[in-house]
$ cat start_15.txt   # compact mmCIF, C-alpha atoms
# COMPACT_ATOMS: atom_id res chain seq x y z
CA ARG A 121 -1.84 -2.97 -15.45
CA ASP A 122 -4.59 -5.40 -16.41
CA ASP A 123 -3.29 -7.22 -19.49
CA LYS A 124 -6.85 -8.05 -20.56
CA HIS A 125 -8.08 -4.47 -20.53
CA GLU A 126 -9.12 -3.26 -23.97
CA ILE A 127 -7.07 -0.08 -23.72
CA TRP A 128 -3.84 -2.06 -24.22
CA SER A 129 -5.05 -3.38 -27.57
CA ILE A 130 -5.41 0.13 -29.03
CA ARG A 131 -2.42 1.03 -31.14
CA ASP A 132 -3.74 4.13 -32.91
CA GLY A 133 -3.78 7.58 -31.33
CA ASN A 134 -7.10 8.59 -32.93
CA GLN A 135 -8.78 5.39 -31.76
CA LEU A 136 -7.40 5.99 -28.28
CA ARG A 137 -8.85 9.51 -28.29
CA GLU A 138 -12.25 8.07 -29.27
CA TRP A 139 -11.99 5.50 -26.47
CA PHE A 140 -11.35 8.22 -23.88
CA ALA A 141 -14.22 10.32 -25.31
CA ASP A 142 -16.62 7.35 -24.95
CA SER A 143 -15.32 6.34 -21.52
CA PHE A 144 -15.24 9.84 -20.03
CA PRO A 145 -18.05 11.80 -21.73
CA ARG A 146 -17.86 14.65 -19.23
CA PHE A 147 -14.46 15.63 -20.59
CA ASP A 148 -13.82 17.12 -23.99
CA PHE A 149 -11.51 14.74 -25.81
CA SER A 150 -12.46 15.90 -29.29
CA SER A 151 -9.74 16.65 -31.85
CA ASN A 152 -10.33 20.37 -31.29
CA SER A 153 -9.78 20.13 -27.55
CA SER A 154 -6.52 21.21 -25.92
CA LEU A 155 -7.11 19.00 -22.90
CA VAL A 156 -4.72 16.34 -24.22
CA GLU A 157 -2.56 16.91 -27.28
CA GLN A 158 -2.71 14.45 -30.18
CA LYS A 159 0.97 13.62 -29.83
CA GLU A 160 0.30 12.38 -26.29
CA PHE A 161 -2.44 10.05 -27.52
CA ASP A 162 -0.06 8.80 -30.23
CA ARG A 163 2.72 8.27 -27.69
CA PHE A 164 0.46 6.40 -25.27
CA ALA A 165 -0.90 4.15 -28.01
CA SER A 166 2.60 3.22 -29.16
CA VAL A 167 3.85 1.90 -25.80
CA GLU A 168 3.21 -1.42 -24.09
CA GLY A 169 2.50 0.12 -20.69
CA LEU A 170 4.05 -0.51 -17.30
CA ARG A 171 3.12 -2.38 -14.17
CA LEU A 172 3.01 -0.96 -10.69
CA PRO A 173 6.08 -1.99 -8.66
CA LEU A 174 5.97 -4.91 -6.27
CA CYS A 175 5.81 -3.98 -2.60
CA GLN A 176 9.38 -4.09 -1.37
CA TYR A 177 11.76 -2.43 1.06
CA SER A 178 15.48 -2.40 1.73
CA PRO A 179 16.48 -4.18 4.96
CA GLU A 180 19.55 -1.94 5.14
CA LEU A 181 19.26 1.82 4.93
CA TYR A 182 22.92 2.80 4.81
CA VAL A 183 26.56 1.81 4.38
CA CYS A 184 29.22 3.51 6.44
CA SER A 185 33.00 3.77 6.43
CA PRO A 186 34.86 2.17 9.37
CA ASN A 187 35.78 5.58 10.81
CA SER A 188 32.18 6.88 10.53
CA GLU A 189 33.36 9.85 8.48
CA CYS A 190 31.49 8.82 5.33
CA ALA A 191 28.14 7.16 4.68
CA VAL A 192 25.58 6.58 1.95
CA LEU A 193 21.92 6.59 2.98
CA LEU A 194 18.74 5.53 1.21
CA VAL A 195 15.68 7.78 1.41
CA GLY A 196 12.16 7.66 -0.01
CA ASP A 197 11.39 5.21 -2.81
CA ALA A 198 14.95 3.88 -2.64
CA VAL A 199 14.00 2.44 0.77
CA HIS A 200 10.33 1.55 0.36
CA CYS A 201 8.68 1.01 -3.01
CA PHE A 202 5.00 0.17 -3.43
CA PRO A 203 1.88 1.00 -5.51
CA PRO A 204 -0.08 4.11 -4.47
CA ASP A 205 -2.72 2.05 -2.65
CA LEU A 206 -2.69 3.92 0.65
CA GLY A 207 -1.60 7.33 -0.57
CA GLU A 208 1.37 7.17 1.79
CA GLY A 209 4.28 7.32 -0.68
CA VAL A 210 4.96 11.04 -0.37
CA ASN A 211 4.15 11.02 3.35
CA SER A 212 6.61 8.23 4.11
CA GLY A 213 9.29 9.93 1.99
CA LEU A 214 8.83 13.21 3.87
CA GLU A 215 9.06 11.35 7.17
CA ASP A 216 12.39 9.92 5.99
CA VAL A 217 13.65 13.43 5.28
CA LEU A 218 12.44 14.79 8.62
CA GLU A 219 14.07 11.94 10.52
CA LEU A 220 17.32 12.45 8.59
CA ASP A 221 17.23 16.15 9.45
CA LYS A 222 16.77 15.28 13.13
CA ALA A 223 19.67 12.82 13.01
CA LEU A 224 21.87 15.47 11.39
CA SER A 225 21.01 17.91 14.17
CA ASP A 226 21.69 15.41 16.95
CA ASN A 227 25.01 13.98 15.74
CA ALA A 228 28.38 15.30 14.65
CA LYS A 229 29.68 12.21 12.83
CA VAL A 230 28.07 11.08 9.61
CA GLY A 231 28.18 7.46 10.75
CA ASP A 232 26.17 8.28 13.86
CA VAL A 233 23.69 10.17 11.69
CA ALA A 234 23.24 7.12 9.49
CA ARG A 235 22.78 4.75 12.42
CA ASP A 236 20.21 6.94 14.17
CA TYR A 237 18.30 7.45 10.92
CA ALA A 238 18.26 3.72 10.13
CA LYS A 239 17.25 2.80 13.68
CA GLU A 240 14.18 5.02 13.44
CA ARG A 241 13.14 4.54 9.81
CA GLY A 242 14.04 0.88 9.28
CA PRO A 243 11.06 -0.50 11.23
CA GLU A 244 8.76 2.07 9.62
CA SER A 245 9.84 1.05 6.11
CA LYS A 246 9.13 -2.59 6.85
CA ALA A 247 5.79 -1.73 8.45
CA ILE A 248 4.45 0.39 5.60
CA VAL A 249 5.32 -2.23 2.99
CA ARG A 250 3.46 -4.87 5.03
CA MET A 251 0.61 -2.40 5.39
CA VAL A 252 0.29 -1.95 1.64
CA ARG A 253 0.56 -5.70 1.00
CA PHE A 254 -2.23 -6.64 3.39
CA GLY A 255 -4.07 -3.43 4.20
CA ALA A 256 -5.37 -2.43 0.77
CA PRO A 257 -4.36 -4.91 -1.95
CA PHE A 258 -7.52 -4.81 -4.08
CA GLN A 259 -8.07 -1.27 -5.29
CA TYR A 260 -7.79 -1.83 -9.02
CA GLY A 261 -10.81 -3.99 -9.75
CA GLN A 262 -8.87 -7.25 -9.78
CA PHE A 263 -11.05 -10.27 -10.43
CA GLY A 264 -11.05 -13.87 -11.55
CA GLY A 265 -10.03 -17.17 -9.99
CA MET A 266 -8.49 -17.09 -6.54
CA THR A 267 -8.21 -13.29 -6.73
CA SER A 268 -11.98 -12.98 -6.40
CA VAL A 269 -11.95 -15.34 -3.40
CA LYS A 270 -9.10 -13.44 -1.75
CA LYS A 271 -10.89 -10.14 -2.38
CA ALA A 272 -14.07 -11.48 -0.77
CA MET A 273 -12.10 -12.73 2.25
CA TRP A 274 -10.30 -9.38 2.56
CA THR A 275 -13.65 -7.56 2.46
CA LEU A 276 -15.09 -9.78 5.20
CA ASN A 277 -11.98 -9.22 7.31
CA PHE A 278 -12.27 -5.45 6.78
CA LEU A 279 -15.94 -5.40 7.77
CA MET A 280 -15.31 -7.62 10.81
CA ARG A 281 -12.58 -5.31 12.11
CA MET A 282 -14.76 -2.26 11.59
CA PHE A 283 -17.60 -3.98 13.44
CA LEU A 284 -15.32 -4.93 16.35
CA ASN A 285 -14.08 -1.36 16.53
CA LYS A 286 -17.63 -0.04 16.79
CA ILE A 287 -18.94 -2.48 19.39
CA THR A 288 -15.84 -2.07 21.59
CA PHE A 289 -16.05 1.74 21.35
CA GLY A 290 -12.62 2.00 19.76
CA LEU A 291 -10.84 -0.52 21.97
CA SER A 292 -10.37 -2.83 18.99
CA PRO A 293 -8.30 -1.15 16.25
CA ARG A 294 -9.81 -0.22 12.92
CA PRO A 295 -8.50 -1.87 9.73
CA VAL A 296 -5.06 -0.55 8.80
CA PHE A 297 -6.53 1.04 5.66
CA VAL A 298 -8.58 3.30 7.94
CA GLU A 299 -6.18 3.49 10.87
CA VAL A 300 -3.32 4.91 8.80
CA GLY A 301 -5.50 7.89 7.90
CA ASP A 302 -5.21 9.05 11.51
CA GLY A 303 -1.90 10.71 10.68
CA TYR A 304 -0.70 10.70 14.30
CA GLN A 305 0.49 7.13 14.50
CA LYS A 306 3.65 5.51 13.24
CA TYR A 307 3.26 2.81 10.62
CA SER A 308 4.85 0.31 12.99
CA ALA A 309 2.31 1.20 15.70
CA VAL A 310 -0.60 0.70 13.30
CA MET A 311 0.73 -2.70 12.22
CA ARG A 312 1.48 -3.72 15.81
CA LYS A 313 -2.14 -3.12 16.79
CA ALA A 314 -3.38 -4.98 13.72
CA ASP A 315 -1.08 -7.93 14.44
CA THR A 316 -2.23 -8.04 18.05
CA LEU A 317 -5.88 -8.19 17.00
CA THR A 318 -5.05 -10.89 14.45
CA ALA A 319 -3.38 -12.98 17.16
CA ILE A 320 -6.39 -12.53 19.46
CA LEU A 321 -8.81 -13.56 16.70
CA TRP A 322 -6.79 -16.67 15.89
CA ALA A 323 -6.62 -17.57 19.59
CA PHE A 324 -10.38 -17.12 19.89
CA ALA A 325 -10.98 -19.24 16.78
CA GLY A 326 -8.71 -21.96 18.17
CA ALA A 327 -10.43 -21.94 21.53
CA LEU A 328 -13.85 -22.08 19.86
CA PHE A 329 -12.79 -24.99 17.67
CA TYR A 330 -11.39 -26.86 20.70
CA THR A 331 -14.59 -26.26 22.69
CA LEU A 332 -16.83 -27.43 19.84
CA THR A 333 -14.68 -30.54 19.38
CA LYS A 334 -15.00 -31.36 23.09
CA LEU A 335 -18.76 -30.81 23.05
CA ARG A 336 -19.09 -33.05 20.02
CA GLY A 337 -17.20 -35.76 21.84
CA VAL A 338 -19.46 -35.47 24.90
CA VAL A 339 -22.62 -35.63 22.80
CA ALA A 340 -21.34 -38.63 20.86

$ encode --input "start_15.txt" --output "structure tokens"
Amino acid sequence: RDDKHEIWSIRDGNQLREWFADSFPRFDFSSNSSLVEQKEFDRFASVEGLRLPLCQYSPELYVCSPNSECAVLLVGDAVHCFPPDLGEGVNSGLEDVLELDKALSDNAKVGDVARDYAKERGPESKAIVRMVRFGAPFQYGQFGGMTSVKKAMWTLNFLMRMFLNKITFGLSPRPVFVEVGDGYQKYSAVMRKADTLTAILWAFAGALFYTLTKLRGVVA
């Protein structure tokens, strides 16, 4: 939530209804409308509001008994928790379930199921959290101070990667925000390609800086 947004200063349900009516004129938020009940406006106005969760993941996906006969596994949001920036929350949870189903089919012991599941989904959980942190961190109109600078730098980075993708006819990967929409790649594969391009760009920048420094020395 944006603490400075005017909606959080409204503490009356009727005033909140009027705010929604002014902000979204295409919808009928009048007192006679059944679109949203008055008690819901009253409830919303009475609460402080919540913040989206920080991007985080569990480095361990299971605990297992020594004899591998018993195990507890984490699935879905219990493993990877993040704001809905990429629209991948449900998708990643379903992938967890599918991988767990595969592990159950391939193994007789619960401990082996847990280990196979964690081996496959652990790297993916880490990758998708990194993806959300760096791939699409400015979707809520954040502004002010260093946030505006970071947003401008992210936008330039996004446009540069899209440009490189176009001029190399797809050889250079698209930004992760776009690449993840493919649907046929693992999160870890998307991040691996992005990291590789980042390393190449840094190497190029370093080489360019070194060359310019040498040329400056020759001219001087």

$ residues_around --input "start_15.txt" --residues "region 280-296 of chain A" --least-positions-apart "3" --cutoff "9 Å" --atoms "all atoms listed in the file" --output "ChimeraX atom specification"
/A:251,254-256,275-277,299-301,310-311,313-314,317

$ residues_around --input "start_15.txt" --residues "Tyr177 (chain A)" --least-positions-apart "3" --cutoff "10 Å" --atoms "all atoms listed in the file" --output "list in words"
Leu174, Glu180, Leu181, Asp197, Ala198, Val199, His200, Cys201, Phe202, Gly242, Ser245, Lys246, Ala247, Ile248, Val249 and Arg250 of chain A

$ closest_residue --input "start_15.txt" --among "A:Glu208, A:Ser225, A:Asp162, A:Leu136" --to "Asp302 (chain A)" --atoms "only C-alpha atoms"
A:Glu208

$ atom_distance --input "start_15.txt" --atom1 "CA of Asp221 (chain A)" --atom2 "CA of Gly207 (chain A)"
23.1 Å

$ atom_distance --input "start_15.txt" --atom1 "CA of Cys190 (chain A)" --atom2 "CA of Asn227 (chain A)"
13.3 Å

$ atom_distance --input "start_15.txt" --atom1 "CA of Lys271 (chain A)" --atom2 "CA of Ala319 (chain A)"
21.1 Å

$ axis_aligned_box --input "start_15.txt" --around "region 128-134 of chain A" --padding-each-side "3 Å" --output "lines of an AutoDock Vina configuration file"
center_x = -4.8
center_y = 2.6
center_z = -28.6
size_x = 10.7
size_y = 18.0
size_z = 14.7

$ closest_residue --input "start_15.txt" --among "A:Ser268, A:Ser153, A:Ser129, A:Ser185" --to "Glu168 (chain A)" --atoms "only C-alpha atoms"
A:Ser129

$ decode --input "start_15.txt" --residues "region 240-256 of chain A" --atoms "all heavy atoms" --output "JSON list (two decimals), in the first residue's frame"
[["chain", "number", "residue", "atom", "x", "y", "z"],
["A", 240, "GLU", "N", 13.93, -30.56, -7.74],
["A", 240, "GLU", "CA", 13.37, -29.94, -8.94],
["A", 240, "GLU", "C", 12.83, -28.54, -8.66],
["A", 240, "GLU", "O", 13.06, -27.61, -9.42],
["A", 240, "GLU", "CB", 12.25, -30.82, -9.50],
["A", 240, "GLU", "CG", 11.56, -30.25, -10.72],
["A", 240, "GLU", "CD", 12.49, -30.12, -11.91],
["A", 240, "GLU", "OE1", 13.44, -30.90, -12.02],
["A", 240, "GLU", "OE2", 12.24, -29.21, -12.75],
["A", 241, "ARG", "N", 12.09, -28.38, -7.56],
["A", 241, "ARG", "CA", 11.41, -27.12, -7.31],
["A", 241, "ARG", "C", 12.22, -26.10, -6.52],
["A", 241, "ARG", "O", 11.91, -24.91, -6.55],
["A", 241, "ARG", "CB", 10.08, -27.39, -6.58],
["A", 241, "ARG", "CG", 9.09, -28.18, -7.39],
["A", 241, "ARG", "CD", 8.82, -27.54, -8.72],
["A", 241, "ARG", "NE", 8.23, -26.21, -8.59],
["A", 241, "ARG", "CZ", 8.13, -25.34, -9.59],
["A", 241, "ARG", "NH1", 8.59, -25.66, -10.80],
["A", 241, "ARG", "NH2", 7.58, -24.15, -9.40],
["A", 242, "GLY", "N", 13.26, -26.54, -5.81],
["A", 242, "GLY", "CA", 14.07, -25.60, -5.06],
["A", 242, "GLY", "C", 14.67, -24.50, -5.92],
["A", 242, "GLY", "O", 14.49, -23.30, -5.64],
["A", 243, "PRO", "N", 15.38, -24.86, -7.00],
["A", 243, "PRO", "CA", 15.95, -23.83, -7.88],
["A", 243, "PRO", "C", 14.89, -22.94, -8.53],
["A", 243, "PRO", "O", 15.13, -21.75, -8.76],
["A", 243, "PRO", "CB", 16.70, -24.66, -8.94],
["A", 243, "PRO", "CG", 16.99, -25.97, -8.27],
["A", 243, "PRO", "CD", 15.81, -26.22, -7.39],
["A", 244, "GLU", "N", 13.72, -23.52, -8.81],
["A", 244, "GLU", "CA", 12.65, -22.74, -9.44],
["A", 244, "GLU", "C", 12.08, -21.71, -8.47],
["A", 244, "GLU", "O", 11.74, -20.59, -8.86],
["A", 244, "GLU", "CB", 11.54, -23.66, -9.95],
["A", 244, "GLU", "CG", 11.99, -24.69, -10.96],
["A", 244, "GLU", "CD", 12.75, -24.07, -12.12],
["A", 244, "GLU", "OE1", 12.24, -23.10, -12.72],
["A", 244, "GLU", "OE2", 13.86, -24.53, -12.42],
["A", 245, "SER", "N", 11.97, -22.09, -7.20],
["A", 245, "SER", "CA", 11.46, -21.16, -6.19],
["A", 245, "SER", "C", 12.40, -19.97, -6.03],
["A", 245, "SER", "O", 11.97, -18.82, -5.97],
["A", 245, "SER", "CB", 11.30, -21.88, -4.84],
["A", 245, "SER", "OG", 10.37, -22.93, -4.94],
["A", 246, "LYS", "N", 13.68, -20.26, -5.98],
["A", 246, "LYS", "CA", 14.68, -19.19, -5.86],
["A", 246, "LYS", "C", 14.65, -18.30, -7.10],
["A", 246, "LYS", "O", 14.72, -17.06, -6.99],
["A", 246, "LYS", "CB", 16.07, -19.79, -5.68],
["A", 246, "LYS", "CG", 17.17, -18.76, -5.56],
["A", 246, "LYS", "CD", 18.53, -19.43, -5.35],
["A", 246, "LYS", "CE", 19.65, -18.40, -5.21],
["A", 246, "LYS", "NZ", 20.97, -19.05, -5.00],
["A", 247, "ALA", "N", 14.51, -18.90, -8.26],
["A", 247, "ALA", "CA", 14.54, -18.15, -9.52],
["A", 247, "ALA", "C", 13.34, -17.22, -9.65],
["A", 247, "ALA", "O", 13.48, -16.06, -10.05],
["A", 247, "ALA", "CB", 14.59, -19.11, -10.70],
["A", 248, "ILE", "N", 12.15, -17.69, -9.29],
["A", 248, "ILE", "CA", 10.97, -16.85, -9.49],
["A", 248, "ILE", "C", 10.95, -15.68, -8.52],
["A", 248, "ILE", "O", 10.49, -14.59, -8.84],
["A", 248, "ILE", "CB", 9.67, -17.67, -9.38],
["A", 248, "ILE", "CG1", 8.49, -16.81, -9.87],
["A", 248, "ILE", "CG2", 9.42, -18.17, -7.96],
["A", 248, "ILE", "CD1", 7.20, -17.54, -10.00],
["A", 249, "VAL", "N", 11.49, -15.88, -7.31],
["A", 249, "VAL", "CA", 11.56, -14.77, -6.36],
["A", 249, "VAL", "C", 12.54, -13.71, -6.87],
["A", 249, "VAL", "O", 12.27, -12.51, -6.80],
["A", 249, "VAL", "CB", 11.94, -15.27, -4.96],
["A", 249, "VAL", "CG1", 12.30, -14.11, -4.05],
["A", 249, "VAL", "CG2", 10.79, -16.06, -4.36],
["A", 250, "ARG", "N", 13.68, -14.13, -7.39],
["A", 250, "ARG", "CA", 14.62, -13.18, -8.00],
["A", 250, "ARG", "C", 13.98, -12.48, -9.20],
["A", 250, "ARG", "O", 14.18, -11.28, -9.42],
["A", 250, "ARG", "CB", 15.88, -13.90, -8.47],
["A", 250, "ARG", "CG", 16.83, -14.32, -7.36],
["A", 250, "ARG", "CD", 18.16, -14.78, -7.94],
["A", 250, "ARG", "NE", 18.82, -13.70, -8.65],
["A", 250, "ARG", "CZ", 19.36, -13.81, -9.85],
["A", 250, "ARG", "NH1", 19.31, -14.97, -10.51],
["A", 250, "ARG", "NH2", 19.96, -12.79, -10.42],
["A", 251, "MET", "N", 13.19, -13.22, -9.94],
["A", 251, "MET", "CA", 12.53, -12.67, -11.11],
["A", 251, "MET", "C", 11.56, -11.55, -10.73],
["A", 251, "MET", "O", 11.52, -10.50, -11.37],
["A", 251, "MET", "CB", 11.78, -13.79, -11.84],
["A", 251, "MET", "CG", 11.23, -13.41, -13.20],
["A", 251, "MET", "SD", 10.35, -14.81, -13.93],
["A", 251, "MET", "CE", 11.69, -15.99, -14.10],
["A", 252, "VAL", "N", 10.81, -11.77, -9.66],
["A", 252, "VAL", "CA", 9.86, -10.75, -9.22],
["A", 252, "VAL", "C", 10.59, -9.54, -8.65],
["A", 252, "VAL", "O", 10.19, -8.39, -8.87],
["A", 252, "VAL", "CB", 8.89, -11.34, -8.18],
["A", 252, "VAL", "CG1", 7.95, -10.25, -7.65],
["A", 252, "VAL", "CG2", 8.07, -12.47, -8.77],
["A", 253, "ARG", "N", 11.68, -9.79, -7.93],
["A", 253, "ARG", "CA", 12.44, -8.69, -7.33],
["A", 253, "ARG", "C", 13.02, -7.75, -8.38],
["A", 253, "ARG", "O", 13.00, -6.53, -8.22],
["A", 253, "ARG", "CB", 13.58, -9.25, -6.48],
["A", 253, "ARG", "CG", 13.16, -9.81, -5.14],
["A", 253, "ARG", "CD", 14.35, -10.42, -4.42],
["A", 253, "ARG", "NE", 13.98, -10.94, -3.11],
["A", 253, "ARG", "CZ", 14.80, -11.69, -2.37],
["A", 253, "ARG", "NH1", 16.01, -11.99, -2.82],
["A", 253, "ARG", "NH2", 14.41, -12.13, -1.18],
["A", 254, "PHE", "N", 13.55, -8.32, -9.45],
["A", 254, "PHE", "CA", 14.27, -7.51, -10.43],
["A", 254, "PHE", "C", 13.55, -7.39, -11.78],
["A", 254, "PHE", "O", 13.86, -6.48, -12.54],
["A", 254, "PHE", "CB", 15.67, -8.11, -10.67],
["A", 254, "PHE", "CG", 16.46, -8.27, -9.41],
["A", 254, "PHE", "CD1", 16.78, -9.54, -8.94],
["A", 254, "PHE", "CD2", 16.88, -7.17, -8.69],
["A", 254, "PHE", "CE1", 17.51, -9.70, -7.77],
["A", 254, "PHE", "CE2", 17.60, -7.32, -7.53],
["A", 254, "PHE", "CZ", 17.93, -8.59, -7.06],
["A", 255, "GLY", "N", 12.63, -8.30, -12.05],
["A", 255, "GLY", "CA", 12.00, -8.30, -13.37],
["A", 255, "GLY", "C", 10.86, -7.32, -13.53],
["A", 255, "GLY", "O", 10.65, -6.77, -14.61],
["A", 256, "ALA", "N", 10.11, -7.06, -12.46],
["A", 256, "ALA", "CA", 8.96, -6.16, -12.56],
["A", 256, "ALA", "C", 8.66, -5.54, -11.20],
["A", 256, "ALA", "O", 7.62, -5.77, -10.63],
["A", 256, "ALA", "CB", 7.75, -6.92, -13.08]]
